[in-house]
file coords_15.pdb (PDB, C-alpha atoms and all ligand atoms)
ATOM      1  CA  MET W   1    -100.053 -18.704  12.027
ATOM      2  CA  THR W   2     -97.443 -20.692  13.924
ATOM      3  CA  LYS W   3     -94.690 -18.525  12.372
ATOM      4  CA  PHE W   4     -96.378 -15.409  13.752
ATOM      5  CA  LYS W   5     -96.880 -17.100  17.122
ATOM      6  CA  ASN W   6     -93.217 -18.114  17.246
ATOM      7  CA  TRP W   7     -92.173 -14.582  16.296
ATOM      8  CA  LEU W   8     -94.349 -13.183  19.111
ATOM      9  CA  VAL W   9     -92.877 -15.635  21.619
ATOM     10  CA  ARG W  10     -89.319 -14.741  20.542
ATOM     11  CA  PHE W  11     -90.133 -11.009  20.575
ATOM     12  CA  PHE W  12     -91.557 -11.005  24.102
ATOM     13  CA  SER W  13     -89.175 -13.490  25.706
ATOM     14  CA  GLY W  14     -86.714 -11.806  28.056
ATOM     15  CA  ARG W  15     -88.637  -8.526  28.155
ATOM     16  CA  TYR W  16     -89.131  -6.795  31.482
ATOM     17  CA  GLY W  17     -92.934  -6.561  31.434
ATOM     18  CA  THR W  18     -94.870  -4.450  33.864
ATOM     19  CA  ASP W  19     -94.483  -3.684  37.575
ATOM     20  CA  SER W  20     -95.824  -1.212  40.144
ATOM     21  CA  PHE W  21     -94.154   1.742  38.435
ATOM     22  CA  GLY W  22     -95.615   0.591  35.109
ATOM     23  CA  CYS W  23     -99.097   0.391  36.636
ATOM     24  CA  PHE W  24     -98.626   3.889  38.048
ATOM     25  CA  LEU W  25     -97.595   5.163  34.593
ATOM     26  CA  LEU W  26    -100.650   3.510  33.002
ATOM     27  CA  ILE W  27    -103.010   5.066  35.561
ATOM     28  CA  LEU W  28    -101.313   8.455  35.124
ATOM     29  CA  TYR W  29    -101.659   8.047  31.353
ATOM     30  CA  ALA W  30    -105.394   7.258  31.683
ATOM     31  CA  VAL W  31    -105.999  10.210  34.036
ATOM     32  CA  LEU W  32    -104.157  12.586  31.702
ATOM     33  CA  CYS W  33    -106.112  11.239  28.694
ATOM     34  CA  VAL W  34    -109.407  11.985  30.468
ATOM     35  CA  PHE W  35    -108.091  15.401  31.534
ATOM     36  CA  ASN W  36    -106.946  16.103  27.988
ATOM     37  CA  ALA W  37    -110.270  14.984  26.496
ATOM     38  CA  ILE W  38    -111.993  17.636  28.606
ATOM     39  CA  PHE W  39    -109.560  20.563  28.462
ATOM     40  CA  HIS W  40    -107.515  19.990  25.233
ATOM     41  CA  PHE W  41    -104.100  21.266  26.355
ATOM     42  CA  PHE W  42    -101.314  20.622  23.849
ATOM     43  CA  VAL W  43     -98.690  20.322  26.596
ATOM     44  CA  ILE W  44    -100.754  17.664  28.399
ATOM     45  CA  GLN W  45    -101.170  15.799  25.102
ATOM     46  CA  VAL W  46     -97.391  15.741  24.590
ATOM     47  CA  ILE W  47     -96.791  14.624  28.187
ATOM     48  CA  THR W  48     -99.405  11.870  27.747
ATOM     49  CA  LEU W  49     -97.644  10.635  24.614
ATOM     50  CA  LEU W  50     -94.250  10.704  26.342
ATOM     51  CA  ILE W  51     -95.667   8.696  29.259
ATOM     52  CA  ALA W  52     -97.131   6.138  26.833
ATOM     53  CA  PHE W  53     -93.805   5.741  25.011
ATOM     54  CA  TYR W  54     -91.875   5.551  28.279
ATOM     55  CA  TYR W  55     -94.268   2.851  29.531
ATOM     56  CA  LEU W  56     -93.878   0.816  26.320
ATOM     57  CA  TRP W  57     -90.111   1.257  26.393
ATOM     58  CA  ARG W  58     -90.005  -0.036  30.004
ATOM     59  CA  VAL W  59     -92.277  -3.008  29.206
ATOM     60  CA  LEU W  60     -90.159  -4.014  26.195
ATOM     61  CA  SER W  61     -86.806  -3.351  27.865
ATOM     62  CA  ARG W  62     -84.407  -6.264  28.347
ATOM     63  CA  ASN W  63     -82.424  -4.512  31.086
ATOM     64  CA  HIS W  64     -84.189  -6.074  34.083
ATOM     65  CA  TYR W  65     -81.678  -4.719  36.587
ATOM     66  CA  LYS W  66     -82.179  -1.023  35.704
ATOM     67  CA  ARG W  67     -85.978  -1.374  35.417
ATOM     68  CA  SER W  68     -86.209  -3.022  38.838
ATOM     69  CA  LEU W  69     -83.995  -0.259  40.293
ATOM     70  CA  GLU W  70     -86.414   2.323  38.867
ATOM     71  CA  ASN W  71     -89.305   0.382  40.363
ATOM     72  CA  ARG W  72     -87.587   0.236  43.772
ATOM     73  CA  ARG W  73     -86.951   4.005  43.700
ATOM     74  CA  PHE W  74     -90.597   4.573  42.776
ATOM     75  CA  LEU W  75     -91.819   2.307  45.611
ATOM     76  CA  ARG W  76     -89.587   4.137  48.121
ATOM     77  CA  VAL W  77     -91.523   7.330  47.294
ATOM     78  CA  TRP W  78     -94.910   5.724  46.683
ATOM     79  CA  GLN W  79     -95.248   3.530  49.807
ATOM     80  CA  PRO W  80     -95.411   6.439  52.340
ATOM     81  CA  VAL W  81     -97.907   8.262  50.109
ATOM     82  CA  LYS W  82    -100.000   5.113  49.769
ATOM     83  CA  THR W  83     -99.931   4.572  53.556
ATOM     84  CA  GLU W  84    -101.064   8.157  54.248
ATOM     85  CA  VAL W  85    -103.874   7.938  51.664
ATOM     86  CA  LYS W  86    -105.046   4.612  53.116
ATOM     87  CA  LEU W  87    -104.977   6.086  56.639
ATOM     88  CA  PHE W  88    -106.974   9.112  55.448
ATOM     89  CA  PHE W  89    -109.716   6.893  53.983
ATOM     90  CA  ASP W  90    -109.660   4.562  57.019
ATOM     91  CA  ARG W  91    -110.192   7.575  59.311
ATOM     92  CA  ILE W  92    -113.289   8.495  57.279
ATOM     93  CA  ARG W  93    -114.502   4.890  57.015
ATOM     94  CA  TYR W  94    -114.186   4.098  60.735
ATOM     95  CA  SER W  95    -114.930   7.609  62.034
ATOM     96  CA  LYS W  96    -118.034   6.484  63.980
ATOM     97  CA  THR W  97    -116.524   3.407  65.655
ATOM     98  CA  SER W  98    -112.780   4.082  66.001
ATOM     99  CA  ARG W  99    -110.086   6.675  66.509
ATOM    100  CA  PHE W 100    -106.538   6.512  65.164
ATOM    101  CA  ARG W 101    -103.633   7.459  67.417
ATOM    102  CA  LYS W 102     -99.872   7.287  66.956
ATOM    103  CA  CYS W 103     -97.757   5.308  69.435
ATOM    104  CA  LYS W 104     -95.465   7.724  71.266
ATOM    105  CA  HIS W 105     -92.597   5.223  71.266
ATOM    106  CA  CYS W 106     -92.518   3.550  67.840
ATOM    107  CA  LYS W 107     -94.838   5.888  65.826
ATOM    108  CA  ALA W 108     -97.111   2.990  64.817
ATOM    109  CA  ILE W 109    -100.708   3.939  64.015
ATOM    110  CA  LEU W 110    -103.212   2.284  66.349
ATOM    111  CA  LYS W 111    -106.924   1.898  65.667
ATOM    112  CA  LEU W 112    -108.670   2.340  69.021
ATOM    113  CA  PRO W 113    -112.355   1.959  69.923
ATOM    114  CA  ASN W 114    -114.226   5.242  70.118
ATOM    115  CA  LYS W 115    -114.668   5.469  73.919
ATOM    116  CA  LYS W 116    -114.402   9.003  75.276
ATOM    117  CA  GLY W 117    -111.970   9.751  78.083
ATOM    118  CA  LYS W 118    -108.364   9.058  78.995
ATOM    119  CA  HIS W 119    -107.145   5.475  78.427
ATOM    120  CA  SER W 120    -103.988   3.510  78.946
ATOM    121  CA  VAL W 121    -103.056   1.636  75.747
ATOM    122  CA  ARG W 122    -100.454  -1.064  75.095
ATOM    123  CA  CYS W 123     -98.956  -0.819  71.637
ATOM    124  CA  PRO W 124     -99.140  -4.200  69.832
ATOM    125  CA  LYS W 125     -95.939  -3.418  67.922
ATOM    126  CA  CYS W 126     -93.538  -2.321  70.692
ATOM    127  CA  SER W 127     -95.574  -3.562  73.731
ATOM    128  CA  LYS W 128     -95.110  -0.271  75.626
ATOM    129  CA  LEU W 129     -97.870   1.412  77.641
ATOM    130  CA  PHE W 130     -98.894   5.002  76.984
ATOM    131  CA  ASP W 131    -101.884   7.247  77.707
ATOM    132  CA  VAL W 132    -104.261   8.503  75.036
ATOM    133  CA  LYS W 133    -107.164  10.907  75.243
ATOM    134  CA  ILE W 134    -110.143  10.303  72.978
TER
HETATM  135 ZN    ZN W 201     -95.400   1.287  69.732
END
call {"tool": "encode", "arguments": {"input": "coords_15.pdb", "output": "structure tokens"}}
result
Amino acid sequence: MTKFKNWLVRFFSGRYGTDSFGCFLLILYAVLCVFNAIFHFFVIQVITLLIAFYYLWRVLSRNHYKRSLENRRFLRVWQPVKTEVKLFFDRIRYSKTSRFRKCKHCKAILKLPNKKGKHSVRCPKCSKLFDVKI
């Protein structure tokens, strides 16, 4: 048993492991598996397999530099999408108590109390005053 354990330790030492891009690939793999279980498309099945192999290849890769570059490129695309999705759900979640407005100077999103009328607001990020209508 200790031989197997030592082999496992040697096999996995120095491997890249998983990161945000890996988690995204796993979630995509799971979604495509569910989709494929319902609709049975051969092309989707092949894509699912390719994603699984690509994920495993990334996890077992020893080239940390290239894998982290891939992850950085993925995050550069994913972060704005994630921010927009979070804002969309926050708008629904706080629709009765708050309104979301963009600062005219720095484009920061502000969550303002839902009081009807025209208000003067100071942005907490850039500290500039601007008028908003709710
Ligand atoms: Zn601002």
call {"tool": "atom_distance", "arguments": {"input": "coords_15.pdb", "atom1": "CA of Phe100 in chain W", "atom2": "CA of Leu75 in chain W"}}
result
24.8 Å
call {"tool": "closest_residue", "arguments": {"input": "coords_15.pdb", "among": "W:Asn36, W:Thr2, W:Asn114, W:Gln79", "to": "Ser95 in chain W", "atoms": "all atoms listed in the file"}}
result
W:Asn114
call {"tool": "closest_atom_pairs", "arguments": {"input": "coords_15.pdb", "of": "chain W", "to": "ligand ZN 201 (chain W)", "cutoff": "10 Å", "atoms": "all atoms listed in the file", "output": "CSV"}}
result
residue,atom,partner,partner_atom,distance
W:Lys102,CA,W:ZN201,ZN,8.0
W:Cys103,CA,W:ZN201,ZN,4.7
W:Lys104,CA,W:ZN201,ZN,6.6
W:His105,CA,W:ZN201,ZN,5.1
W:Cys106,CA,W:ZN201,ZN,4.1
W:Lys107,CA,W:ZN201,ZN,6.1
W:Ala108,CA,W:ZN201,ZN,5.5
W:Ile109,CA,W:ZN201,ZN,8.2
W:Leu110,CA,W:ZN201,ZN,8.6
W:Val121,CA,W:ZN201,ZN,9.7
W:Arg122,CA,W:ZN201,ZN,7.7
W:Cys123,CA,W:ZN201,ZN,4.6
W:Pro124,CA,W:ZN201,ZN,6.6
W:Lys125,CA,W:ZN201,ZN,5.1
W:Cys126,CA,W:ZN201,ZN,4.2
W:Ser127,CA,W:ZN201,ZN,6.3
W:Lys128,CA,W:ZN201,ZN,6.1
W:Leu129,CA,W:ZN201,ZN,8.3
W:Phe130,CA,W:ZN201,ZN,8.9
call {"tool": "closest_residue", "arguments": {"input": "coords_15.pdb", "among": "W:Ile51, W:Val43, W:Arg99, W:Met1", "to": "Ala30 in chain W", "atoms": "only C-alpha atoms"}}
result
W:Ile51
call {"tool": "resolve_selection", "arguments": {"input": "coords_15.pdb", "expression": "the PyMOL selection byres (((chain W and resi 133) around 9) and not hetatm)", "output": "PyMOL selection string"}}
result
chain W and resi 116-120+131-132+134
call {"tool": "atom_distance", "arguments": {"input": "coords_15.pdb", "atom1": "CA of Leu112 in chain W", "atom2": "CA of Lys96 in chain W"}}
result
11.4 Å
call {"tool": "residues_around", "arguments": {"input": "coords_15.pdb", "residues": "range 58-64 of chain W", "least_positions_apart": "4", "cutoff": "7 Å", "atoms": "only C-alpha atoms", "output": "list of chain:residue names"}}
result
W:Gly14, W:Arg15, W:Tyr16, W:Gly17, W:Thr18, W:Tyr54, W:Ser68
call {"tool": "residues_around", "arguments": {"input": "coords_15.pdb", "residues": "Arg72 in chain W", "least_positions_apart": "5", "cutoff": "9 Å", "atoms": "all atoms listed in the file", "output": "mmCIF file with C-alpha atoms, keeping the file's coordinate frame"}}
result
data_model
loop_
_atom_site.group_PDB
_atom_site.id
_atom_site.type_symbol
_atom_site.label_atom_id
_atom_site.label_comp_id
_atom_site.auth_asym_id
_atom_site.auth_seq_id
_atom_site.Cartn_x
_atom_site.Cartn_y
_atom_site.Cartn_z
ATOM 1 C CA PHE W 21 -94.154 1.742 38.435
ATOM 2 C CA ARG W 67 -85.978 -1.374 35.417
ATOM 3 C CA VAL W 77 -91.523 7.330 47.294
#
call {"tool": "axis_aligned_box", "arguments": {"input": "coords_15.pdb", "around": "range 31-41 of chain W", "padding_each_side": "4 Å", "output": "AutoDock Vina command-line options"}}
result
--center_x -108.0 --center_y 15.7 --center_z 29.6 --size_x 15.9 --size_y 19.1 --size_z 16.8
call {"tool": "closest_residue", "arguments": {"input": "coords_15.pdb", "among": "W:Lys3, W:Thr48, W:Arg93, W:Phe12", "to": "Val34 in chain W", "atoms": "all atoms listed in the file"}}
result
W:Thr48
call {"tool": "atom_distance", "arguments": {"input": "coords_15.pdb", "atom1": "CA of Phe74 in chain W", "atom2": "CA of Ser20 in chain W"}}
result
8.2 Å
call {"tool": "residues_near_point", "arguments": {"input": "coords_15.pdb", "point": "(-101.4, 8.1, 31.2)", "cutoff": "12 Å", "atoms": "only C-alpha atoms", "output": "list of chain:residue names"}}
result
W:Gly22, W:Cys23, W:Phe24, W:Leu25, W:Leu26, W:Ile27, W:Leu28, W:Tyr29, W:Ala30, W:Val31, W:Leu32, W:Cys33, W:Val34, W:Phe35, W:Asn36, W:Ile44, W:Gln45, W:Val46, W:Ile47, W:Thr48, W:Leu49, W:Leu50, W:Ile51, W:Ala52, W:Phe53, W:Tyr54, W:Tyr55, W:Leu56
call {"tool": "decode", "arguments": {"input": "coords_15.pdb", "residues": "range 54-111 of chain W", "atoms": "C-alpha atoms", "output": "CSV table (one decimal), in the first residue's frame"}}
result
chain,number,residue,atom,x,y,z
W,54,TYR,CA,-8.6,19.0,-22.0
W,55,TYR,CA,-9.5,19.4,-18.3
W,56,LEU,CA,-7.5,16.4,-17.3
W,57,TRP,CA,-4.6,17.4,-19.5
W,58,ARG,CA,-4.6,20.9,-17.8
W,59,VAL,CA,-4.8,19.4,-14.3
W,60,LEU,CA,-1.9,17.0,-14.9
W,61,SER,CA,0.2,19.5,-16.8
W,62,ARG,CA,3.6,20.4,-15.4
W,63,ASN,CA,3.8,23.7,-17.4
W,64,HIS,CA,2.5,26.0,-14.7
W,65,TYR,CA,3.5,29.1,-16.6
W,66,LYS,CA,1.3,28.3,-19.7
W,67,ARG,CA,-1.6,27.1,-17.6
W,68,SER,CA,-1.7,30.2,-15.5
W,69,LEU,CA,-1.5,32.3,-18.7
W,70,GLU,CA,-4.5,30.5,-20.0
W,71,ASN,CA,-6.3,31.1,-16.7
W,72,ARG,CA,-5.4,34.8,-16.8
W,73,ARG,CA,-6.8,35.1,-20.4
W,74,PHE,CA,-10.0,33.3,-19.3
W,75,LEU,CA,-10.4,35.6,-16.2
W,76,ARG,CA,-10.0,38.7,-18.5
W,77,VAL,CA,-13.0,37.5,-20.4
W,78,TRP,CA,-14.9,36.0,-17.5
W,79,GLN,CA,-14.7,38.8,-14.9
W,80,PRO,CA,-16.9,41.3,-16.9
W,81,VAL,CA,-19.4,38.6,-17.7
W,82,LYS,CA,-19.5,37.6,-14.0
W,83,THR,CA,-20.0,41.2,-13.0
W,84,GLU,CA,-22.9,41.8,-15.4
W,85,VAL,CA,-24.6,38.6,-14.3
W,86,LYS,CA,-24.2,39.5,-10.6
W,87,LEU,CA,-25.6,43.0,-11.3
W,88,PHE,CA,-28.5,41.5,-13.2
W,89,PHE,CA,-29.4,39.2,-10.2
W,90,ASP,CA,-28.8,42.1,-7.7
W,91,ARG,CA,-31.2,44.3,-9.6
W,92,ILE,CA,-33.9,41.6,-9.3
W,93,ARG,CA,-33.0,40.8,-5.7
W,94,TYR,CA,-33.1,44.4,-4.5
W,95,SER,CA,-35.8,45.7,-6.9
W,96,LYS,CA,-38.2,46.7,-4.2
W,97,THR,CA,-35.7,48.5,-1.9
W,98,SER,CA,-33.0,49.9,-4.3
W,99,ARG,CA,-32.1,51.2,-7.7
W,100,PHE,CA,-28.8,50.8,-9.5
W,101,ARG,CA,-27.3,53.8,-11.3
W,102,LYS,CA,-24.0,54.3,-13.0
W,103,CYS,CA,-21.7,57.2,-11.9
W,104,LYS,CA,-21.3,59.6,-14.7
W,105,HIS,CA,-17.7,60.3,-14.0
W,106,CYS,CA,-16.1,56.9,-13.1
W,107,LYS,CA,-18.8,54.5,-14.4
W,108,ALA,CA,-19.0,52.8,-11.0
W,109,ILE,CA,-22.4,51.1,-10.2
W,110,LEU,CA,-24.1,52.6,-7.2
W,111,LYS,CA,-26.9,51.0,-5.2
